[in-house]
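*Asks:* Sharing a structure below in structure tokens format, with a few things to ask.
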Amino acid sequence: MAVPAALIPPNPLVQPSPISTSAPTSSPSATSSPSPSVAPTAQSLFRSELITTTSPGIPTATLPSKPVYSTPSPVENTPQNNECKMVELRGAKVASFTVDGCELICLPQAFDLFLKHLVGGLHTVYTKLKRLEITPVVCNVEQVRILRGLGAIQPGVNRCKLISRKDFETLYNDCTNAR
């Protein structure tokens with residue numbers, strides 16, 4: 001099979017060392033034959049230089065370090081944090097929790113009610129939140145159970161995030177102005 005010229009590396013290639021096999025010597029009836037070896041070919045699949053994992057032409061020292069992604073800890077599981085209220089948001093009732101004195105609404109429910117017809121999906125919303133530098137709060141297990149019971153999130157969902165009204169308005173405006 002012919003190899004396109006663009007795929008043939010410009011650097012000289014290293015010849016593989018000969019591979020030898022020998023016949024087993026444990027049996028006296030085994031006939032010994034000369035050890036076959038692989039003859040070096042004009043081209044090989046091995047390069048002589050080390051290959052780096054960076055892009056060509058970019059020195060390794062100039063690359064930024066990889067960002068560390070970590071999921072923030074969920075809201076502390078206290079009776080105060082787990083008290084759910086239905087609040088009015090843009091004419092619809094949305095589940096909310098008060099955490100550290102701040103009212104936080106259920107992001108998936110708000111997405112379902114207000115954003116799903118504006119953006120591709122919840123993943124797009126999380127991408128927008130990163131760009132807008134908005135960090136949603138992770139629900140604790142009890143809050144997820146309460147939200148499922150209220151029908152704010154689907155029965156099979158086992159995690160959820162909360163967002164402040166102010167941050168939701170910022171997100172909503174970004175979704176409506178991005179069109």
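Scheme for the structure tokens: letters A, B, ... for chains in order shown; per-chain residue numbers from 1; ligand numbers from 1 in order shown.
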Write out as a PDB file with N, CA, C and O atoms, in the first residue's frame each polymer residue whose atoms come within 10 Å of A:Leu150, counting only C-alpha atoms; drop sequence neighbours fewer than 6 positions from it.
*Replies:*
```pdb
ATOM      1  N   CYS A  84     -37.155  24.380  52.073  1.00  0.00           N
ATOM      2  CA  CYS A  84     -37.466  24.765  50.695  1.00  0.00           C
ATOM      3  C   CYS A  84     -38.718  25.615  50.647  1.00  0.00           C
ATOM      4  O   CYS A  84     -39.690  25.357  51.355  1.00  0.00           O
ATOM      5  N   MET A  86     -41.305  27.785  47.718  1.00  0.00           N
ATOM      6  CA  MET A  86     -41.624  28.059  46.321  1.00  0.00           C
ATOM      7  C   MET A  86     -41.711  29.577  46.187  1.00  0.00           C
ATOM      8  O   MET A  86     -42.483  30.216  46.902  1.00  0.00           O
ATOM      9  N   ALA A  95     -38.576  26.423  42.999  1.00  0.00           N
ATOM     10  CA  ALA A  95     -38.087  25.978  44.300  1.00  0.00           C
ATOM     11  C   ALA A  95     -36.829  26.760  44.669  1.00  0.00           C
ATOM     12  O   ALA A  95     -35.972  27.004  43.825  1.00  0.00           O
ATOM     13  N   VAL A 144     -31.573  17.616  47.196  1.00  0.00           N
ATOM     14  CA  VAL A 144     -31.919  16.904  45.959  1.00  0.00           C
ATOM     15  C   VAL A 144     -33.175  16.075  46.175  1.00  0.00           C
ATOM     16  O   VAL A 144     -34.081  16.058  45.343  1.00  0.00           O
TER      17      VAL A 144
END
```
*Asks:* Write out as a ChimeraX atom specification which residues come within 7 Å of stretch 126-137 of chain A when counting only C-alpha atoms, dropping same-chain ones fewer than 2 positions away.
*Replies:* /A:74,122-124,139,161-163,167
*Asks:* Nearest residue to A:Phe168 out of A:Ile146, A:Val94, A:Ile105, A:Val75, using only C-alpha atoms?
*Replies:* A:Ile105
*Asks:* According to DSSP computed on the backbone, where in stretch 70-167 of chain A is there strand (DSSP E or B)? Give the residues as an MDAnalysis selection string.
*Replies:* chainID A and resid 84:89 92:99 102:106 137:138 161:164
*Asks:* From the options A:Val119, A:Leu89, A:Glu103, A:Glu83, which residue's atoms come nearest to A:Thr176, counting only C-alpha atoms?
*Replies:*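 Selected residue with least distance to A:Thr176: A:Val119.
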*Asks:* Find the residues near A:Gly101: any atom within 12 Å, counting only C-alpha atoms, skip ones fewer than 4 places away on the same chain, and give them as a list in words.
*Replies:*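 My list of contacting residues is Gln80, Asn81, Phe97 and Ser164 of chain A.
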*Asks:* Pick from A:Thr98, A:Gln109, A:Asn177, A:Thr78: nearest to A:Leu147, with only C-alpha atoms counted?
*Replies:*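 Closest to A:Leu147 of all the choices is A:Gln109.
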